$ cat work_19.csv   # CSV, C-alpha atoms
chain,number,residue,atom,x,y,z
A,4,MET,CA,24.4,-0.2,-7.7
A,5,THR,CA,22.1,2.8,-7.0
A,6,GLN,CA,20.7,3.7,-3.7
A,7,ASN,CA,17.3,2.4,-4.9
A,8,ASP,CA,18.7,-1.0,-5.9
A,9,LEU,CA,16.7,-3.9,-4.2
A,10,THR,CA,18.8,-6.8,-5.5
A,11,GLY,CA,18.6,-9.7,-3.1
A,12,ARG,CA,15.5,-8.4,-1.3
A,13,THR,CA,12.1,-10.1,-1.2
A,14,ALA,CA,9.0,-8.0,-1.2
A,15,LEU,CA,5.4,-8.9,-0.4
A,16,VAL,CA,2.7,-6.6,-1.9
A,17,THR,CA,-0.9,-7.0,-0.8
A,18,GLY,CA,-3.5,-6.1,-3.4
A,19,GLY,CA,-0.8,-6.5,-5.9
A,20,ALA,CA,-3.0,-7.7,-8.8
A,21,GLN,CA,-4.3,-4.4,-10.0
A,22,GLY,CA,-4.3,-0.6,-9.6
A,23,LEU,CA,-1.7,0.9,-7.3
A,24,GLY,CA,-0.6,-2.4,-6.0
A,25,GLU,CA,0.3,-3.8,-9.4
A,26,GLY,CA,2.3,-0.7,-10.2
A,27,MET,CA,4.1,-1.0,-6.9
A,28,ALA,CA,4.9,-4.7,-7.5
A,29,ARG,CA,6.2,-3.9,-11.0
A,30,ALA,CA,8.4,-1.0,-9.7
A,31,LEU,CA,9.9,-3.2,-6.9
A,32,ALA,CA,10.6,-5.9,-9.5
A,33,ALA,CA,12.2,-3.3,-11.8
A,34,ALA,CA,14.5,-2.4,-8.8
A,35,CYS,CA,15.5,-6.1,-8.8
A,36,ALA,CA,13.5,-7.2,-5.7
A,37,ARG,CA,11.9,-10.7,-5.8
A,38,VAL,CA,8.2,-9.8,-5.5
A,39,VAL,CA,5.4,-11.9,-4.0
A,40,ALA,CA,2.1,-10.3,-4.9
A,41,ASP,CA,-1.2,-11.7,-3.7
A,42,LEU,CA,-2.2,-13.5,-6.8
A,43,GLN,CA,-5.8,-14.6,-6.7
A,44,ASP,CA,-7.1,-14.7,-10.3
A,45,GLU,CA,-6.3,-14.6,-14.0
A,46,LEU,CA,-5.5,-11.0,-13.8
A,47,ALA,CA,-2.9,-11.6,-11.1
A,48,ARG,CA,-1.4,-14.5,-13.0
A,49,SER,CA,-0.8,-12.2,-15.9
A,50,VAL,CA,0.9,-9.7,-13.6
A,51,ALA,CA,3.0,-12.5,-12.2
A,52,GLY,CA,4.0,-13.5,-15.7
A,53,SER,CA,5.1,-10.1,-16.7
A,54,LEU,CA,6.9,-9.6,-13.3
A,55,GLY,CA,9.0,-12.6,-14.3
A,56,GLU,CA,10.0,-10.7,-17.4
A,57,ALA,CA,10.8,-7.6,-15.5
A,58,THR,CA,13.1,-9.4,-13.1
A,59,GLY,CA,14.8,-11.2,-16.0
A,60,GLN,CA,17.1,-8.2,-16.5
A,61,CYS,CA,18.3,-8.3,-12.9
A,62,THR,CA,21.2,-10.4,-11.7
A,63,SER,CA,19.8,-13.3,-9.6
A,64,THR,CA,21.2,-13.6,-6.2
N,22,MET,CA,-0.6,-16.8,-4.3
N,23,HIS,CA,-3.9,-15.9,-2.7
N,24,LEU,CA,-3.8,-13.6,0.3
N,25,ASP,CA,-7.0,-12.5,2.0
N,26,VAL,CA,-5.5,-9.9,4.3
N,27,THR,CA,-8.3,-10.3,6.9
N,28,GLU,CA,-7.4,-13.9,7.5
N,29,GLU,CA,-4.8,-14.7,10.1
N,30,SER,CA,-4.1,-18.1,8.6
N,31,ARG,CA,-3.6,-16.7,5.1
N,32,TRP,CA,-1.0,-14.3,6.5
N,33,GLU,CA,0.9,-17.2,8.1
N,34,ALA,CA,0.9,-19.0,4.8
N,35,ALA,CA,2.0,-15.9,2.8
N,36,VAL,CA,5.0,-15.1,5.0
N,37,THR,CA,6.0,-18.8,5.0
N,38,THR,CA,5.8,-18.8,1.2
N,39,ALA,CA,7.9,-15.6,1.0
N,40,VAL,CA,10.6,-17.0,3.2
N,41,LYS,CA,10.7,-20.6,2.0
N,42,GLU,CA,10.2,-20.1,-1.7
N,43,TYR,CA,11.4,-16.5,-2.3
N,44,GLY,CA,14.3,-16.4,0.1
N,45,GLY,CA,13.1,-14.2,2.9
N,46,LEU,CA,10.9,-11.2,3.7
N,47,ASP,CA,12.6,-7.8,3.5
N,48,ILE,CA,9.9,-5.5,2.2
N,49,LEU,CA,6.1,-5.5,3.0
N,50,VAL,CA,3.7,-3.2,1.2
N,51,ASN,CA,0.3,-3.2,3.0
N,52,ASN,CA,-1.6,-1.9,0.0
N,53,ALA,CA,-4.9,-3.8,-0.1
N,54,GLY,CA,-7.8,-1.5,0.5
N,55,VAL,CA,-11.5,-1.0,-0.1
N,56,GLU,CA,-13.3,2.3,-0.6
N,57,ILE,CA,-17.0,2.4,-0.5
N,58,THR,CA,-18.5,5.9,-1.1
N,59,SER,CA,-21.4,7.1,1.1
N,60,LEU,CA,-22.5,10.1,3.0
N,61,ILE,CA,-22.3,9.5,6.7
N,62,THR,CA,-26.1,9.7,7.1
N,63,GLU,CA,-26.6,7.0,4.5
N,64,VAL,CA,-23.8,4.6,5.3
N,65,ASP,CA,-24.6,0.9,5.3
N,66,PRO,CA,-23.2,-0.9,8.4
N,67,LYS,CA,-22.1,-3.8,6.3
N,68,ASP,CA,-19.9,-1.5,4.3
N,69,ILE,CA,-18.4,0.0,7.4
N,70,HIS,CA,-17.4,-3.5,8.5
N,71,THR,CA,-16.0,-4.3,5.1
N,72,MET,CA,-13.7,-1.2,5.2
N,73,LEU,CA,-12.7,-1.8,8.8
N,74,ASP,CA,-11.8,-5.4,8.0
N,75,VAL,CA,-9.7,-4.8,4.9
N,76,ASN,CA,-8.2,-1.4,5.6
N,77,ILE,CA,-7.6,-1.7,9.4
N,78,LEU,CA,-7.6,-5.4,10.3
N,79,GLY,CA,-5.8,-6.3,7.1
N,80,THR,CA,-3.0,-3.7,7.7
N,81,ALA,CA,-2.7,-4.6,11.4
N,82,LEU,CA,-2.3,-8.3,10.6
N,83,GLY,CA,0.3,-7.4,7.9
N,84,LEU,CA,2.2,-5.4,10.5
N,85,ARG,CA,1.9,-8.2,13.0
N,86,HIS,CA,3.2,-10.9,10.6
N,87,GLY,CA,5.7,-8.6,8.8
N,88,LEU,CA,7.4,-7.6,12.1
N,89,ARG,CA,7.3,-11.1,13.5
N,90,THR,CA,9.0,-12.4,10.4
N,91,MET,CA,11.6,-9.7,9.9
N,92,ARG,CA,12.7,-9.2,13.5
N,93,PRO,CA,15.7,-11.0,14.9
N,94,GLY,CA,14.9,-14.6,15.4
N,95,GLY,CA,12.0,-14.5,13.0
N,96,ALA,CA,11.8,-16.7,9.9
N,97,GLY,CA,13.3,-13.9,7.8
N,98,GLY,CA,15.2,-12.3,10.6
N,99,LYS,CA,17.1,-9.7,8.6
N,100,GLY,CA,15.0,-6.6,9.5
N,101,GLY,CA,13.4,-4.7,6.7
N,102,SER,CA,11.0,-2.0,5.6
N,103,ILE,CA,7.2,-1.9,5.9
N,104,ILE,CA,5.2,0.6,3.8
N,105,ASN,CA,1.5,1.1,4.6
N,106,ILE,CA,-0.7,2.8,2.1
N,107,SER,CA,-2.8,5.4,3.8
N,108,SER,CA,-4.5,8.2,1.8
N,109,VAL,CA,-4.7,12.0,1.3
N,110,ALA,CA,-8.2,11.3,2.9
N,111,ALA,CA,-6.3,10.9,6.2
N,112,THR,CA,-5.0,14.4,5.9
N,113,ILE,CA,-8.0,16.4,4.6
N,114,ALA,CA,-11.8,16.2,4.9
N,115,PHE,CA,-13.3,15.3,1.6
N,116,PRO,CA,-17.0,14.7,1.5
N,117,GLY,CA,-18.5,11.2,0.6
N,118,ILE,CA,-15.7,9.1,2.1
N,119,PRO,CA,-16.2,9.3,5.9
N,120,ILE,CA,-15.5,5.7,6.8
N,121,TYR,CA,-12.7,5.3,4.3
N,122,SER,CA,-11.1,8.5,5.7
N,123,ALA,CA,-11.4,7.1,9.2
N,124,THR,CA,-9.8,3.8,8.3
N,125,LYS,CA,-6.9,5.5,6.5
N,126,SER,CA,-6.4,7.7,9.5
N,127,ALA,CA,-6.1,4.5,11.5
N,128,VAL,CA,-3.5,3.2,9.1
N,129,ASP,CA,-1.5,6.4,9.8
N,130,ARG,CA,-1.6,5.7,13.6
N,131,LEU,CA,-0.9,2.0,13.1
N,132,THR,CA,2.2,3.0,11.2
N,133,ARG,CA,3.6,5.3,13.8
N,134,VAL,CA,3.0,3.1,16.9
N,135,SER,CA,4.4,0.1,15.0
N,136,ALA,CA,7.5,2.1,14.1
N,137,VAL,CA,8.0,3.1,17.8
N,138,GLU,CA,7.5,-0.6,19.0
N,139,ALA,CA,9.9,-1.8,16.3
N,140,GLY,CA,12.5,0.6,17.5
N,141,LYS,CA,11.9,-0.1,21.2
N,142,PHE,CA,12.5,-3.8,20.7
N,143,GLY,CA,15.3,-3.5,18.2
N,144,TYR,CA,13.5,-5.2,15.3
N,145,GLY,CA,15.6,-3.4,12.6
N,146,VAL,CA,12.4,-2.7,10.7
N,147,ARG,CA,11.4,0.8,9.5
N,148,VAL,CA,7.7,1.4,9.3
N,149,ASN,CA,6.4,4.3,7.1
N,150,CYS,CA,3.2,5.1,5.2
N,151,ILE,CA,2.3,7.2,2.2
N,152,TYR,CA,-0.8,9.3,1.6
N,153,PRO,CA,-1.6,8.9,-2.1
N,154,GLY,CA,-3.6,11.6,-3.8
N,155,LEU,CA,-6.4,10.6,-6.2
N,156,VAL,CA,-5.2,8.3,-8.9
N,157,PRO,CA,-7.6,7.3,-11.7
N,158,THR,CA,-7.3,3.6,-11.3
N,159,ALA,CA,-10.6,1.6,-11.3
N,160,MET,CA,-11.0,2.6,-7.6
N,161,GLY,CA,-10.0,6.2,-8.1
N,162,ALA,CA,-12.2,6.8,-11.1
N,163,GLY,CA,-15.1,5.0,-9.4
N,164,LEU,CA,-14.7,7.4,-6.5
N,165,ALA,CA,-15.2,10.4,-8.8
N,166,ASN,CA,-18.3,8.8,-10.3
N,167,ASP,CA,-19.7,7.9,-6.9
N,168,MET,CA,-19.3,11.5,-5.7
N,169,ALA,CA,-21.3,12.8,-8.6
N,170,GLU,CA,-24.0,10.3,-8.0
N,171,LEU,CA,-24.2,11.4,-4.3
N,172,GLY,CA,-24.9,14.9,-5.6
N,173,LEU,CA,-21.6,16.3,-4.2
N,174,PHE,CA,-20.5,17.4,-7.7
N,175,GLY,CA,-22.4,17.9,-11.0
N,176,SER,CA,-20.4,15.2,-12.7
N,177,ALA,CA,-17.4,12.9,-12.3
N,178,GLU,CA,-15.5,15.5,-14.4
N,179,GLU,CA,-16.4,18.2,-11.9
N,180,ALA,CA,-15.3,16.0,-9.0
N,181,VAL,CA,-11.9,15.5,-10.7
N,182,GLY,CA,-11.7,19.2,-11.5
N,183,ALA,CA,-12.2,20.0,-7.8
N,184,VAL,CA,-9.4,17.7,-6.8
N,185,VAL,CA,-7.0,19.1,-9.4
N,186,GLU,CA,-8.0,22.6,-8.3
N,187,LEU,CA,-6.8,21.7,-4.7
N,188,THR,CA,-3.5,20.3,-6.1
N,189,PRO,CA,-0.6,22.7,-6.6
N,190,SER,CA,1.0,20.3,-9.0
N,191,GLY,CA,-2.2,20.7,-11.1
N,192,ARG,CA,-3.0,17.1,-12.1
N,193,LEU,CA,-4.2,13.8,-10.7
N,194,GLY,CA,-1.7,11.3,-9.5
N,195,GLU,CA,-0.3,8.5,-11.6
N,196,VAL,CA,0.4,4.9,-10.5
N,197,ALA,CA,4.1,5.5,-11.1
N,198,ASP,CA,4.1,8.5,-8.8
N,199,MET,CA,3.2,6.2,-5.9
N,200,ALA,CA,5.3,3.2,-7.0
N,201,ASP,CA,8.5,5.2,-7.2
N,202,VAL,CA,8.0,6.5,-3.6
N,203,VAL,CA,7.3,3.0,-2.4
N,204,VAL,CA,10.6,1.8,-4.0
N,205,PHE,CA,12.4,4.7,-2.2
N,206,LEU,CA,10.9,3.8,1.1
N,207,ALA,CA,11.8,0.2,0.6
N,208,SER,CA,15.4,0.9,-0.3
N,209,ASN,CA,18.5,2.0,1.5
N,210,ALA,CA,18.1,5.5,0.1
N,211,SER,CA,15.5,6.1,2.9
N,212,ARG,CA,17.5,4.3,5.6
N,213,PHE,CA,17.0,7.2,8.2
N,214,VAL,CA,13.3,7.7,7.3
N,215,ASN,CA,11.1,6.0,9.9
N,216,GLY,CA,7.6,6.5,11.3
N,217,VAL,CA,6.6,9.1,8.7
N,218,GLY,CA,3.4,9.6,6.7
N,219,LEU,CA,4.6,11.0,3.4
N,220,PRO,CA,2.1,12.8,1.2
N,221,VAL,CA,2.4,11.8,-2.5
N,222,ASP,CA,-0.5,14.0,-3.6
N,223,GLY,CA,1.0,16.9,-5.6
N,224,GLY,CA,0.4,19.1,-2.5
N,225,MET,CA,-3.3,18.5,-2.3
N,226,GLY,CA,-3.3,17.7,1.4
N,227,MET,CA,-1.1,20.5,2.7
$ encode --input "work_19.csv" --output "structure tokens"
Amino acid sequence: MTQNDLTGRTALVTGGAQGLGEGMARALAAACARVVADLQDELARSVAGSLGEATGQCTST
Amino acid sequence: MHLDVTEESRWEAAVTTAVKEYGGLDILVNNAGVEITSLITEVDPKDIHTMLDVNILGTALGLRHGLRTMRPGGAGGKGGSIINISSVAATIAFPGIPIYSATKSAVDRLTRVSAVEAGKFGYGVRVNCIYPGLVPTAMGAGLANDMAELGLFGSAEEAVGAVVELTPSGRLGEVADMADVVVFLASNASRFVNGVGLPVDGGMGM
């Protein structure tokens, strides 16, 4: 486990559907956090779908 | 999940969803923001209200609900880390974004006072913010275009060139530059970092 590991944490990112927020949501998910972004349109749904793929490589807790 | 950050009731629903369906709330990134470019002499009062609402009210409500949820006895109750997204515009005076700069300065102060309150009452929550430099997202690229239209620069490319010229690292920011620092501030690696505003701007704001 690295110091940046976020396994077992839940994160909420506002404005997470695009731009900086999307990148932050993806990076938190890549560090194994469960990420709740504010998902309000088709774009956000596609982000949520790929976030699921990103978290797939993390051990669920 | 839909979260209008300016609506108190939506925040209540959002933190409830996080805790009940995602197992808690440990990290909150108050990132949602609006930037509408205008000279101060030309600014539309409606645009001022929009930026105040999303950038200040939205961040303040996020802090309110994040801290209430994370503190001992809250629905999450395990402490945590809150990261607010300010801007390099809170650290330098760049023309064309007077209201945006004011709201991002407010995010800086909200961060620090919230960190002090969280400490005073033993919430176990760190509160920090970052000052991103210009990143060519839809919003960042739009800003360069708008500045050219206002006559501040000959073209959007000139506006970008002026920013790069001010930046010791010699380039614009990238989304990953910001995201990696957010992960750091969210994680245990930054466990003794609290109440700071961290420039992530390649040195532009120093």
$ closest_residue --input "work_19.csv" --among "N:Ala207, N:Val217, N:Leu131, N:Ile151" --to "chain A" --atoms "only C-alpha atoms"
N:Ala207
$ residues_around --input "work_19.csv" --residues "N:Glu138" --least-positions-apart "2" --cutoff "12 Å" --atoms "all atoms listed in the file" --output "list in words"
Leu84, Arg85, Leu88, Arg89, Arg92, Leu131, Thr132, Arg133, Val134, Ser135, Ala136, Gly140, Lys141, Phe142, Gly143, Tyr144, Gly145, Val146, Arg147, Val148, Asn215 and Gly216 of chain N
$ write_last_selection --input "work_19.csv" --atoms "C-alpha atoms" --output "mmCIF file, in the coordinates of the input"
data_model
loop_
_atom_site.group_PDB
_atom_site.id
_atom_site.type_symbol
_atom_site.label_atom_id
_atom_site.label_comp_id
_atom_site.auth_asym_id
_atom_site.auth_seq_id
_atom_site.Cartn_x
_atom_site.Cartn_y
_atom_site.Cartn_z
ATOM 1 C CA LEU N 84 2.200 -5.400 10.500
ATOM 2 C CA ARG N 85 1.900 -8.200 13.000
ATOM 3 C CA LEU N 88 7.400 -7.600 12.100
ATOM 4 C CA ARG N 89 7.300 -11.100 13.500
ATOM 5 C CA ARG N 92 12.700 -9.200 13.500
ATOM 6 C CA LEU N 131 -0.900 2.000 13.100
ATOM 7 C CA THR N 132 2.200 3.000 11.200
ATOM 8 C CA ARG N 133 3.600 5.300 13.800
ATOM 9 C CA VAL N 134 3.000 3.100 16.900
ATOM 10 C CA SER N 135 4.400 0.100 15.000
ATOM 11 C CA ALA N 136 7.500 2.100 14.100
ATOM 12 C CA GLY N 140 12.500 0.600 17.500
ATOM 13 C CA LYS N 141 11.900 -0.100 21.200
ATOM 14 C CA PHE N 142 12.500 -3.800 20.700
ATOM 15 C CA GLY N 143 15.300 -3.500 18.200
ATOM 16 C CA TYR N 144 13.500 -5.200 15.300
ATOM 17 C CA GLY N 145 15.600 -3.400 12.600
ATOM 18 C CA VAL N 146 12.400 -2.700 10.700
ATOM 19 C CA ARG N 147 11.400 0.800 9.500
ATOM 20 C CA VAL N 148 7.700 1.400 9.300
ATOM 21 C CA ASN N 215 11.100 6.000 9.900
ATOM 22 C CA GLY N 216 7.600 6.500 11.300
#
$ interface_residues --input "work_19.csv" --of "chain N" --to "chain A" --cutoff "6 Å" --atoms "all atoms listed in the file" --output "list of chain:residue names"
N:Met22, N:His23, N:Leu24, N:Gly45, N:Leu46, N:Asp47, N:Ile48, N:Leu49, N:Val50, N:Asn51, N:Asn52, N:Ala53, N:Thr158, N:Val196, N:Ala200, N:Val204, N:Ser208, N:Asn209, N:Ala210
$ residues_around --input "work_19.csv" --residues "N:Asp74" --least-positions-apart "6" --cutoff "9 Å" --atoms "all atoms listed in the file" --output "list in words"
Val26, Thr27 and Thr80 of chain N
$ closest_residue --input "work_19.csv" --among "N:Leu193, N:Val184, N:Ile69, N:Val221" --to "N:Pro157" --atoms "all atoms listed in the file"
N:Leu193
$ residues_around --input "work_19.csv" --residues "stretch 170-180 of chain N" --least-positions-apart "6" --cutoff "10 Å" --atoms "only C-alpha atoms" --output "JSON, numbers by chain"
{"N": [58, 59, 60, 116, 117, 162, 163, 164, 186]}
$ write_last_selection --input "work_19.csv" --atoms "C-alpha atoms" --output "tab-separated table (two decimals), in the coordinates of the input"
chain	number	residue	atom	x	y	z
N	58	THR	CA	-18.50	5.90	-1.10
N	59	SER	CA	-21.40	7.10	1.10
N	60	LEU	CA	-22.50	10.10	3.00
N	116	PRO	CA	-17.00	14.70	1.50
N	117	GLY	CA	-18.50	11.20	0.60
N	162	ALA	CA	-12.20	6.80	-11.10
N	163	GLY	CA	-15.10	5.00	-9.40
N	164	LEU	CA	-14.70	7.40	-6.50
N	186	GLU	CA	-8.00	22.60	-8.30
$ closest_residue --input "work_19.csv" --among "N:Val40, N:Ala169, N:Ile120, N:Cys150" --to "N:Asp65" --atoms "all atoms listed in the file"
N:Ile120
$ atom_distance --input "work_19.csv" --atom1 "atom CA of N:Asp68" --atom2 "atom CA of N:Asp222"
26.1 Å
$ closest_residue --input "work_19.csv" --among "N:Glu29, N:Ala197, N:Ala183, N:Thr188" --to "N:Gly226" --atoms "all atoms listed in the file"
N:Thr188
$ decode --input "work_19.csv" --residues "stretch 38-64 of chain N" --atoms "N, CA and C atoms" --output "PDB file, in the first residue's frame"
ATOM      1  N   THR N  38     -26.654   9.892   0.079  1.00  0.00           N
ATOM      2  CA  THR N  38     -26.325   8.880  -0.926  1.00  0.00           C
ATOM      3  C   THR N  38     -24.918   8.337  -0.709  1.00  0.00           C
ATOM      4  N   ALA N  39     -23.967   9.245  -0.461  1.00  0.00           N
ATOM      5  CA  ALA N  39     -22.584   8.807  -0.251  1.00  0.00           C
ATOM      6  C   ALA N  39     -22.490   7.842   0.924  1.00  0.00           C
ATOM      7  N   VAL N  40     -23.152   8.197   2.023  1.00  0.00           N
ATOM      8  CA  VAL N  40     -23.034   7.386   3.233  1.00  0.00           C
ATOM      9  C   VAL N  40     -23.801   6.075   3.091  1.00  0.00           C
ATOM     10  N   LYS N  41     -25.021   6.134   2.568  1.00  0.00           N
ATOM     11  CA  LYS N  41     -25.862   4.929   2.558  1.00  0.00           C
ATOM     12  C   LYS N  41     -25.511   3.983   1.410  1.00  0.00           C
ATOM     13  N   GLU N  42     -25.125   4.543   0.267  1.00  0.00           N
ATOM     14  CA  GLU N  42     -24.906   3.670  -0.892  1.00  0.00           C
ATOM     15  C   GLU N  42     -23.433   3.444  -1.191  1.00  0.00           C
ATOM     16  N   TYR N  43     -22.567   4.321  -0.691  1.00  0.00           N
ATOM     17  CA  TYR N  43     -21.138   4.198  -0.988  1.00  0.00           C
ATOM     18  C   TYR N  43     -20.299   4.016   0.275  1.00  0.00           C
ATOM     19  N   GLY N  44     -20.957   3.844   1.389  1.00  0.00           N
ATOM     20  CA  GLY N  44     -20.247   3.417   2.589  1.00  0.00           C
ATOM     21  C   GLY N  44     -19.654   4.495   3.461  1.00  0.00           C
ATOM     22  N   GLY N  45     -19.900   5.764   3.150  1.00  0.00           N
ATOM     23  CA  GLY N  45     -19.375   6.806   4.026  1.00  0.00           C
ATOM     24  C   GLY N  45     -19.060   8.065   3.250  1.00  0.00           C
ATOM     25  N   LEU N  46     -18.411   8.988   3.914  1.00  0.00           N
ATOM     26  CA  LEU N  46     -17.884  10.171   3.221  1.00  0.00           C
ATOM     27  C   LEU N  46     -16.570  10.534   3.897  1.00  0.00           C
ATOM     28  N   ASP N  47     -15.485  10.324   3.172  1.00  0.00           N
ATOM     29  CA  ASP N  47     -14.143  10.562   3.720  1.00  0.00           C
ATOM     30  C   ASP N  47     -13.428  11.705   3.025  1.00  0.00           C
ATOM     31  N   ILE N  48     -13.805  11.943   1.769  1.00  0.00           N
ATOM     32  CA  ILE N  48     -13.121  12.939   0.939  1.00  0.00           C
ATOM     33  C   ILE N  48     -14.180  13.759   0.207  1.00  0.00           C
ATOM     34  N   LEU N  49     -14.063  15.069   0.291  1.00  0.00           N
ATOM     35  CA  LEU N  49     -14.968  15.935  -0.476  1.00  0.00           C
ATOM     36  C   LEU N  49     -14.121  16.913  -1.292  1.00  0.00           C
ATOM     37  N   VAL N  50     -14.358  16.958  -2.583  1.00  0.00           N
ATOM     38  CA  VAL N  50     -13.673  17.917  -3.446  1.00  0.00           C
ATOM     39  C   VAL N  50     -14.706  18.918  -3.943  1.00  0.00           C
ATOM     40  N   ASN N  51     -14.620  20.140  -3.422  1.00  0.00           N
ATOM     41  CA  ASN N  51     -15.528  21.207  -3.853  1.00  0.00           C
ATOM     42  C   ASN N  51     -14.933  21.873  -5.092  1.00  0.00           C
ATOM     43  N   ASN N  52     -15.259  21.281  -6.235  1.00  0.00           N
ATOM     44  CA  ASN N  52     -14.636  21.688  -7.495  1.00  0.00           C
ATOM     45  C   ASN N  52     -15.558  22.519  -8.384  1.00  0.00           C
ATOM     46  N   ALA N  53     -16.868  22.313  -8.260  1.00  0.00           N
ATOM     47  CA  ALA N  53     -17.799  22.978  -9.175  1.00  0.00           C
ATOM     48  C   ALA N  53     -17.579  24.488  -9.152  1.00  0.00           C
ATOM     49  N   GLY N  54     -17.449  25.075 -10.325  1.00  0.00           N
ATOM     50  CA  GLY N  54     -17.198  26.508 -10.389  1.00  0.00           C
ATOM     51  C   GLY N  54     -17.609  27.080 -11.730  1.00  0.00           C
ATOM     52  N   VAL N  55     -17.865  28.378 -11.717  1.00  0.00           N
ATOM     53  CA  VAL N  55     -18.262  29.083 -12.936  1.00  0.00           C
ATOM     54  C   VAL N  55     -17.350  30.283 -13.120  1.00  0.00           C
ATOM     55  N   GLU N  56     -16.899  30.486 -14.365  1.00  0.00           N
ATOM     56  CA  GLU N  56     -16.066  31.661 -14.675  1.00  0.00           C
ATOM     57  C   GLU N  56     -16.705  32.386 -15.856  1.00  0.00           C
ATOM     58  N   ILE N  57     -17.103  33.622 -15.619  1.00  0.00           N
ATOM     59  CA  ILE N  57     -17.673  34.455 -16.686  1.00  0.00           C
ATOM     60  C   ILE N  57     -16.790  35.681 -16.819  1.00  0.00           C
ATOM     61  N   THR N  58     -16.179  35.808 -17.989  1.00  0.00           N
ATOM     62  CA  THR N  58     -15.184  36.859 -18.198  1.00  0.00           C
ATOM     63  C   THR N  58     -15.847  38.203 -18.476  1.00  0.00           C
ATOM     64  N   SER N  59     -15.342  39.254 -17.857  1.00  0.00           N
ATOM     65  CA  SER N  59     -15.828  40.613 -18.122  1.00  0.00           C
ATOM     66  C   SER N  59     -14.896  41.616 -17.471  1.00  0.00           C
ATOM     67  N   LEU N  60     -14.764  42.768 -18.098  1.00  0.00           N
ATOM     68  CA  LEU N  60     -14.123  43.877 -17.389  1.00  0.00           C
ATOM     69  C   LEU N  60     -15.049  44.328 -16.256  1.00  0.00           C
ATOM     70  N   ILE N  61     -14.471  44.872 -15.202  1.00  0.00           N
ATOM     71  CA  ILE N  61     -15.298  45.288 -14.058  1.00  0.00           C
ATOM     72  C   ILE N  61     -16.294  46.373 -14.478  1.00  0.00           C
ATOM     73  N   THR N  62     -15.908  47.206 -15.443  1.00  0.00           N
ATOM     74  CA  THR N  62     -16.821  48.278 -15.873  1.00  0.00           C
ATOM     75  C   THR N  62     -17.998  47.761 -16.681  1.00  0.00           C
ATOM     76  N   GLU N  63     -17.895  46.547 -17.189  1.00  0.00           N
ATOM     77  CA  GLU N  63     -18.938  46.009 -18.072  1.00  0.00           C
ATOM     78  C   GLU N  63     -19.713  44.861 -17.443  1.00  0.00           C
ATOM     79  N   VAL N  64     -19.406  44.521 -16.209  1.00  0.00           N
ATOM     80  CA  VAL N  64     -19.935  43.265 -15.669  1.00  0.00           C
ATOM     81  C   VAL N  64     -21.456  43.319 -15.486  1.00  0.00           C
TER      82      VAL N  64
END
